[in-house]
Structures are given as structure tokens and as C-alpha cells.
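Chemist: Below is the file entry-v5.txt, which contains compact mmCIF, C-alpha atoms.
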```txt
# COMPACT_ATOMS: atom_id res chain seq x y z
CA MET A 3 159.79 -83.83 -117.96
CA MET A 4 156.54 -82.37 -116.74
CA ILE A 5 153.95 -83.81 -114.45
CA GLY A 6 150.68 -83.87 -116.35
CA LEU A 7 147.11 -84.81 -115.69
CA THR A 8 147.79 -88.41 -116.70
CA HIS A 9 150.32 -88.85 -113.89
CA TYR A 10 147.80 -87.78 -111.31
CA LEU A 11 145.02 -89.91 -112.79
CA ILE A 12 147.28 -92.97 -112.81
CA LEU A 13 148.26 -92.32 -109.19
CA SER A 14 144.60 -91.92 -108.31
CA GLY A 15 143.87 -95.24 -110.03
CA ILE A 16 146.67 -97.00 -108.15
CA LEU A 17 145.42 -95.71 -104.81
CA PHE A 18 141.89 -96.75 -105.77
CA ILE A 19 143.18 -100.26 -106.55
CA ILE A 20 144.82 -100.42 -103.12
CA GLY A 21 141.56 -99.37 -101.49
CA LEU A 22 139.54 -101.89 -103.47
CA VAL A 23 141.95 -104.69 -102.55
CA GLY A 24 141.51 -103.63 -98.94
CA VAL A 25 137.72 -103.66 -99.16
CA MET A 26 137.69 -107.12 -100.74
CA ARG A 27 140.46 -108.67 -98.67
CA ARG A 28 139.85 -107.51 -95.12
CA LYS A 29 137.21 -109.09 -92.95
CA ASN A 30 137.53 -106.70 -90.02
CA LEU A 31 135.00 -103.86 -90.02
CA LEU A 32 137.49 -101.29 -88.74
CA MET A 33 139.85 -102.17 -91.59
CA LEU A 34 136.95 -101.82 -94.00
CA PHE A 35 136.46 -98.26 -92.75
CA PHE A 36 140.14 -97.53 -93.34
CA SER A 37 139.88 -98.89 -96.88
CA THR A 38 136.86 -96.69 -97.52
CA GLU A 39 138.90 -93.67 -96.48
CA ILE A 40 141.58 -94.70 -98.98
CA LEU A 41 138.99 -94.94 -101.75
CA LEU A 42 137.61 -91.48 -100.97
CA ASN A 43 141.08 -89.95 -100.90
CA ALA A 44 142.03 -91.53 -104.23
CA VAL A 45 138.96 -89.98 -105.82
CA ASN A 46 139.79 -86.64 -104.20
CA ILE A 47 143.22 -86.58 -105.84
CA GLY A 48 141.64 -87.25 -109.22
CA PHE A 49 139.10 -84.47 -108.75
CA VAL A 50 141.65 -81.87 -107.72
CA ALA A 51 144.02 -82.81 -110.55
CA VAL A 52 141.27 -82.45 -113.15
CA SER A 53 140.24 -79.20 -111.50
CA LYS A 54 143.73 -77.79 -111.90
CA TYR A 55 144.44 -78.89 -115.44
CA TYR A 56 141.11 -77.66 -116.76
CA GLY A 57 141.13 -74.44 -114.75
CA ASP A 58 137.79 -75.28 -113.21
CA LEU A 59 136.93 -75.02 -109.55
CA SER A 60 134.08 -77.56 -109.52
CA GLY A 61 136.50 -80.41 -108.86
CA GLN A 62 137.81 -78.77 -105.72
CA MET A 63 134.26 -78.11 -104.57
CA PHE A 64 133.36 -81.76 -104.99
CA ALA A 65 136.51 -82.83 -103.14
CA PHE A 66 135.46 -80.47 -100.36
CA PHE A 67 132.02 -82.06 -100.09
CA ILE A 68 133.55 -85.54 -100.24
CA ILE A 69 135.64 -84.65 -97.19
CA ALA A 70 132.46 -83.56 -95.38
CA VAL A 71 130.71 -86.81 -96.31
CA ALA A 72 133.72 -88.83 -95.15
CA ALA A 73 133.73 -87.06 -91.79
CA SER A 74 130.05 -87.76 -91.13
CA GLU A 75 130.39 -91.33 -92.38
CA VAL A 76 133.14 -91.98 -89.87
CA ALA A 77 131.13 -90.46 -87.01
CA VAL A 78 128.02 -92.56 -87.65
CA GLY A 79 129.86 -95.71 -88.71
CA LEU A 80 132.20 -95.73 -85.75
CA GLY A 81 129.25 -95.19 -83.39
CA LEU A 82 127.44 -98.18 -84.88
CA LEU A 83 130.65 -100.23 -84.76
CA VAL A 84 131.21 -99.48 -81.07
CA LEU A 85 127.61 -100.43 -80.36
CA TRP A 86 128.02 -103.69 -82.29
CA TYR A 87 131.27 -104.48 -80.47
CA LYS A 88 129.61 -103.92 -77.11
CA ARG A 89 126.85 -106.31 -78.08
CA THR A 90 128.79 -109.14 -79.71
CA GLY A 91 132.43 -108.65 -78.67
CA SER A 92 133.85 -108.79 -82.17
CA THR A 93 134.29 -106.50 -85.15
CA ASP A 94 134.46 -109.32 -87.63
CA LEU A 95 132.34 -109.11 -90.74
CA ASP A 96 131.28 -112.74 -90.37
CA SER A 97 129.56 -111.95 -87.07
CA LEU A 98 126.98 -109.95 -89.01
CA GLN A 99 125.35 -113.06 -90.46
CA MET A 100 122.34 -113.27 -88.21
CA MET A 101 119.97 -112.69 -91.12
CA LYS A 102 121.38 -115.58 -93.10
CA GLY A 103 118.49 -117.38 -94.80
CA MET B 11 162.02 -79.98 -111.57
CA TYR B 12 161.05 -79.60 -107.94
CA GLU B 13 157.50 -80.49 -108.89
CA VAL B 14 158.63 -83.78 -110.42
CA ILE B 15 160.73 -84.71 -107.39
CA ALA B 16 157.90 -83.76 -105.02
CA PHE B 17 155.33 -85.67 -107.04
CA TYR B 18 157.31 -88.90 -107.11
CA THR B 19 158.33 -88.66 -103.46
CA PHE B 20 154.76 -88.11 -102.33
CA ALA B 21 153.45 -90.78 -104.71
CA ILE B 22 155.83 -93.46 -103.43
CA LEU B 23 155.23 -92.51 -99.80
CA THR B 24 151.45 -92.49 -100.20
CA ILE B 25 151.35 -95.84 -101.96
CA LEU B 26 153.63 -97.33 -99.30
CA MET B 27 151.52 -95.98 -96.45
CA PHE B 28 148.25 -97.16 -97.92
CA SER B 29 149.71 -100.60 -98.68
CA ILE B 30 150.64 -100.85 -95.01
CA VAL B 31 147.05 -99.94 -94.11
CA VAL B 32 145.64 -102.65 -96.34
CA LEU B 33 148.14 -105.39 -95.54
CA SER B 34 148.95 -104.84 -91.86
CA LYS B 35 147.61 -107.24 -89.26
CA ASN B 36 147.74 -104.76 -86.41
CA ALA B 37 144.93 -102.19 -86.26
CA LEU B 38 147.14 -99.63 -84.52
CA TYR B 39 149.81 -99.76 -87.24
CA ALA B 40 147.12 -99.45 -89.89
CA MET B 41 145.69 -96.35 -88.25
CA SER B 42 149.06 -94.61 -87.92
CA ALA B 43 149.92 -95.41 -91.52
CA LEU B 44 146.56 -94.05 -92.64
CA ALA B 45 147.22 -90.79 -90.79
CA GLY B 46 150.60 -90.50 -92.51
CA GLY B 47 149.08 -91.17 -95.91
CA MET B 48 146.47 -88.46 -95.37
CA ILE B 49 149.20 -85.88 -94.70
CA PHE B 50 151.08 -86.91 -97.85
CA ILE B 51 147.86 -86.51 -99.84
CA ALA B 52 147.63 -82.96 -98.49
CA GLY B 53 151.06 -82.52 -100.10
CA PHE B 54 149.52 -83.37 -103.48
CA PHE B 55 146.86 -80.75 -102.94
CA PHE B 56 149.50 -78.11 -102.26
CA LEU B 57 151.31 -79.20 -105.43
CA LEU B 58 148.08 -78.75 -107.39
CA ASP B 59 147.56 -75.15 -106.19
CA ALA B 60 144.63 -76.13 -104.00
CA GLU B 61 145.98 -74.69 -100.76
CA PHE B 62 142.61 -74.43 -99.05
CA LEU B 63 141.81 -78.08 -99.71
CA GLY B 64 145.25 -79.11 -98.46
CA VAL B 65 144.71 -77.32 -95.18
CA VAL B 66 141.20 -78.76 -94.88
CA GLN B 67 142.62 -82.22 -95.56
CA ILE B 68 145.14 -81.90 -92.75
CA ILE B 69 142.64 -80.41 -90.30
CA VAL B 70 139.69 -82.68 -91.04
CA TYR B 71 141.39 -85.96 -91.83
CA THR B 72 144.38 -86.06 -89.54
CA GLY B 73 142.87 -83.77 -86.94
CA ALA B 74 139.28 -84.94 -86.70
CA ILE B 75 138.84 -88.30 -88.37
CA MET B 76 142.05 -89.84 -87.08
CA ALA B 77 141.34 -88.57 -83.56
CA LEU B 78 137.88 -90.09 -83.84
CA TYR B 79 139.37 -93.42 -84.90
CA ALA B 80 141.90 -93.24 -82.08
CA PHE B 81 139.15 -92.64 -79.53
CA GLY B 82 136.97 -95.29 -81.11
CA MET B 83 139.76 -97.83 -80.94
CA MET B 84 139.88 -97.44 -77.17
CA PHE B 85 136.69 -99.51 -77.15
CA PHE B 86 138.26 -102.32 -79.13
CA ASP B 87 141.04 -104.69 -78.19
CA THR B 88 143.73 -103.31 -80.48
CA THR B 89 146.74 -105.16 -79.17
CA ARG B 90 145.34 -108.45 -80.37
CA GLU B 91 146.15 -109.32 -83.94
CA VAL B 92 143.27 -109.11 -86.34
CA LYS B 93 142.21 -112.64 -87.17
CA GLU B 94 140.61 -113.05 -90.54
CA LYS B 95 139.38 -116.02 -92.45
CA ILE B 96 140.17 -115.46 -96.09
CA HIS B 97 138.86 -117.74 -98.77
CA ALA B 98 139.97 -117.80 -102.40
CA LYS B 99 142.75 -115.21 -102.30
CA LYS B 100 143.61 -115.31 -105.99
CA VAL B 101 140.05 -114.71 -107.11
CA ILE B 102 139.79 -111.66 -104.86
CA TYR B 103 143.04 -110.13 -106.10
CA THR B 104 142.25 -110.61 -109.77
CA LEU B 105 138.73 -109.29 -109.28
CA ALA B 106 139.99 -106.22 -107.46
CA ILE B 107 142.65 -105.36 -110.02
CA LEU B 108 140.37 -105.99 -112.98
CA SER B 109 137.54 -103.90 -111.58
CA ALA B 110 139.93 -101.09 -110.72
CA ILE B 111 141.33 -101.04 -114.25
CA CYS B 112 137.76 -100.94 -115.55
CA PHE B 113 137.03 -97.99 -113.28
CA VAL B 114 140.08 -96.08 -114.48
CA VAL B 115 139.27 -96.69 -118.14
CA ILE B 116 135.65 -95.73 -117.66
CA LEU B 117 136.50 -92.55 -115.82
CA SER B 118 139.38 -91.41 -118.01
CA ALA B 119 137.90 -92.23 -121.42
CA PRO B 120 135.52 -89.22 -121.60
CA ILE B 121 138.34 -86.84 -120.66
CA TYR B 122 140.37 -87.81 -123.69
CA SER B 123 137.48 -87.95 -126.10
CA ALA B 124 135.55 -84.80 -125.23
CA ASN B 125 136.96 -81.36 -124.72
CA LEU B 126 135.85 -80.30 -121.30
CA GLU B 127 135.05 -76.67 -120.77
CA ALA B 128 135.45 -74.97 -117.45
CA LEU B 129 132.16 -74.28 -115.72
CA TYR B 130 133.63 -71.93 -113.14
CA PRO B 131 136.97 -70.89 -114.61
CA THR B 132 139.72 -69.68 -112.35
CA ILE B 133 140.61 -66.03 -112.73
CA GLU B 134 144.21 -64.89 -112.98
CA GLY B 135 145.46 -62.91 -110.02
CA VAL B 136 142.84 -64.15 -107.59
CA GLY B 137 144.04 -66.49 -104.89
CA ASN B 138 142.75 -70.01 -104.46
CA ILE B 139 141.08 -69.38 -101.10
CA GLN B 140 139.38 -66.24 -102.41
CA MET B 141 138.07 -68.10 -105.47
CA ILE B 142 136.80 -70.98 -103.37
CA GLY B 143 134.98 -68.56 -101.12
CA LEU B 144 133.35 -66.88 -104.09
CA VAL B 145 132.22 -70.12 -105.73
CA LEU B 146 131.24 -71.84 -102.49
CA PHE B 147 128.99 -69.03 -101.29
CA THR B 148 127.32 -68.34 -104.60
CA LYS B 149 126.99 -71.42 -106.81
CA TYR B 150 127.32 -74.08 -104.14
CA LEU B 151 125.50 -72.38 -101.30
CA VAL B 152 122.65 -74.90 -100.97
CA PRO B 153 124.95 -77.99 -100.98
CA PHE B 154 127.12 -76.20 -98.45
CA GLU B 155 124.17 -75.68 -96.09
CA LEU B 156 123.06 -79.27 -96.63
CA ALA B 157 126.56 -80.47 -95.75
CA ALA B 158 126.35 -78.46 -92.54
CA ILE B 159 123.03 -80.11 -91.62
CA MET B 160 124.47 -83.52 -92.50
CA LEU B 161 127.45 -82.94 -90.21
CA LEU B 162 125.12 -81.86 -87.39
CA VAL B 163 123.03 -85.02 -87.80
CA ALA B 164 126.18 -87.14 -87.88
CA MET B 165 127.51 -85.48 -84.73
CA ILE B 166 124.28 -86.01 -82.80
CA SER B 167 123.95 -89.62 -83.94
CA GLY B 168 127.57 -90.33 -83.09
CA ILE B 169 127.13 -89.01 -79.56
CA LEU B 170 123.80 -90.82 -79.09
CA LEU B 171 125.07 -94.15 -80.36
CA VAL B 172 128.17 -94.35 -78.21
CA SER B 173 126.98 -92.88 -74.92
CA ASP B 174 124.94 -95.00 -72.52
CA ARG B 175 122.74 -92.85 -70.35
CA MET B 176 121.41 -90.31 -72.81
CA ASP B 177 117.80 -91.07 -71.87
CA LEU B 178 118.31 -89.52 -68.41
CA ASN B 179 117.95 -85.81 -67.97
CA ILE B 180 120.91 -84.53 -65.95
CA THR B 181 119.60 -81.04 -65.16
CA LEU B 182 116.12 -82.03 -63.96
CA ASN B 183 117.06 -84.96 -61.78
CA ASP B 184 115.32 -86.07 -58.62
CA ASP B 185 117.58 -87.02 -55.76
CA ASP B 186 116.96 -90.70 -56.37
CA GLU B 187 118.05 -90.52 -59.95
CA GLU B 188 121.14 -88.56 -59.05
CA ARG B 189 122.12 -91.15 -56.49
CA GLU B 190 121.53 -93.80 -59.09
CA ILE B 191 123.82 -92.11 -61.57
CA ILE B 192 126.58 -91.55 -59.05
```
Have the structure of the file written as C-alpha cells, please.

Modeler:
Amino acid sequence: MMIGLTHYLILSGILFIIGLVGVMRRKNLLMLFFSTEILLNAVNIGFVAVSKYYGDLSGQMFAFFIIAVAASEVAVGLGLLVLWYKRTGSTDLDSLQMMKG
Amino acid sequence: MYEVIAFYTFAILTILMFSIVVLSKNALYAMSALAGGMIFIAGFFFLLDAEFLGVVQIIVYTGAIMALYAFGMMFFDTTREVKEKIHAKKVIYTLAILSAICFVVILSAPIYSANLEALYPTIEGVGNIQMIGLVLFTKYLVPFELAAIMLLVAMISGILLVSDRMDLNITLNDDDEEREII
């Protein structure tokens, strides 16, 4: 039995499902960041698998840039989150409803 | 054979770790599980002959991003359990699973229908790191530079957002200001 592209794509899909469940289920902003990381990693696995089985390096390049985007997203997002926590004392998503119409 | 064993081991471990991240009530447990999952994903990259990306994954994710989260969580009260009000659980689960299946079908359908051709094919006998260097510094040079600028902007904004007294100039202080800071 060989591990093919389909195995990796299915695994990537499963991890993406886990991340999506996290994004929809959690109400804590820190947990939302964690779920976003899971989503990005699931996509990375898919990219690298396709890159290997088609003998093309573009997938790895895109995974590389996704890692860079994830790093900067965490830096800015965590800074904003710390600022918000200092101001309101909670990281709950429901505390962001000040613009409710 | 070893590839099969490694794939299934890493797959089960990764799914377990990420499920802990999503389902755990404690932020500290979630963060540790996420760090573990990142390292197992690096294992997949090594399995797929992408050694450079595996090393980058370990360095950037578990070295930089997890350390950033760990430092960031010093500002929050992490020992307290995360309280969440959740409405309509079943709707959320079905929506999540359905949308994920849609995503997978959408993304995998073109692969089976069309024969993809390699844009930058890998050359036999050239190592992965060497190939990545060649492609990155020729075809993807401009995105690479843009990524560097983006990281610089993110670093500056991260420092500015978290620190308090960035509006004061430390090197050109008067005595009054220095006393004020101390």
C-alpha cells in the first residue's frame, strides 16, 4: 500500500474541518487565533503534497509565503489583542459589540 | 512501508493535537497542544521531501510564533477557564462540516479533471534546498522582498502596539523626563 496524493489531501481536509469547527465554536479571541493557525497549516500540507506529486516547486513556495503571512498576522493580531485586553479586561468575542446598531 | 507507518502515526497525532486545541477549555493546554501539532506537521514536510520547509516550520512556528503566544499569554489570565456562551451547537457543527466538505470538493475537483503541468519542475540530482534557493531568488524574488517588508511592518507594529511609552525619546531626555520614567 502506497501513500498517494489523495491521502494527503484527505488529511488536509480533516485538519481544515477541525480548524473551521474551532473558528465557529470558540468565542475566545485567543482560541480563534489558534484555530486560524490550524487552518493555515492544513492548507500548507495540501500545497506541499501537491507540490511533491506533480514535481512542481510552486506549492512549496506558496507554503513558504503562507508561513511568513502567518508570522506577521500573529505579531499584529496579538498586539491588538493585548491592547484590547488592557482596555476591557476580557478577550471574549462578545465584548467587541460596541458598534451594534 | 516506513512511509505508511510514519504517515499514519503523524496523521493520528496531528488530528489528536489539533482536536485538543479546538476542544480544550484551558488556554495553556491549547497552546501546548498547538506547538506539538506544528512539530508533527513538520514531520509531514520531511516525508514529502520538503526538508527546507520542514525546518522553517519548526523554526518559525514552534520557535517564533509559539514563543510569541507564550509571551502574549503573560498579559492574560490563563489559569482561569475560558468561559464561552455557545448558542445552537448543532447548527454550528453541521455548518462547519458541510462547508469543509464543500471546500475539499471544490479544491480537489480540478486536480482530477485537468492534467496539471509543472511550472517549475524539480530537477533530478539537485537537492531540495538548492532548488528552493534557485526558484526563490529568480522567479519569486519580488514576492520574497515584499514578504520581508511585510514582516518588518508587522514587527514594528507589534512592538508599538504592546509597549506603553514609545512616544518618549530615551536618548534625548531632559532630566525631568528621566526622573519621570524612573

Chemist: For region 16-24 of chain A, find every residue with an atom within 7 Å (counting all atoms listed in the file), except residues of its own chain fewer than 2 positions away, and show them as JSON, numbers by chain.

Modeler: {"A": [12, 13, 14, 26, 27, 28, 34, 37, 38, 40, 41, 44], "B": [25, 29, 32, 103, 106, 107, 110]}

Chemist: Could you jot down the CA of Ile159 (chain B) to CA of Leu146 (chain B) separation for me, Å, one decimal place?

Modeler: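 Those two atoms sit 15.9 Å apart.
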
Chemist: Just how far from CA of Ala158 (chain B) is CA of Ile75 (chain B), in Å to one decimal?

Modeler: 16.4 Å

Chemist: Given the choices A:Ile5, A:Val52, A:Leu42, A:Leu31, which gets closest to chain B if the distance is worked out from all atoms listed in the file?

Modeler: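 That would be A:Ile5, the residue with the smallest distance to chain B.
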
Chemist: For chain A, which of B:Ala43, B:Cys112, B:Ile68, B:Leu58 is the closest residue, counting only C-alpha atoms?

Modeler: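 Result for the nearest residue to chain A: B:Leu58.
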
Chemist: To one decimal place in Å, what is the distance between CA of Leu7 (chain A) and CA of Phe17 (chain B)?

Modeler: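 Going from CA of Leu7 (chain A) over to CA of Phe17 (chain B) covers 12.0 Å.
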
Chemist: Counting all atoms listed in the file, which residue out of B:Ala21, B:Ala77, B:Ala45, B:Leu144 sits closest to chain A?

Modeler: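 Smallest distance to chain A is found for B:Ala21.
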
Chemist: Using only C-alpha atoms, pick whichever of A:Gly61, A:Gly81, A:Gly6, A:Gly48 has the shortest atom-to-atom distance to chain B.

Modeler: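 Closest candidate: A:Gly81.
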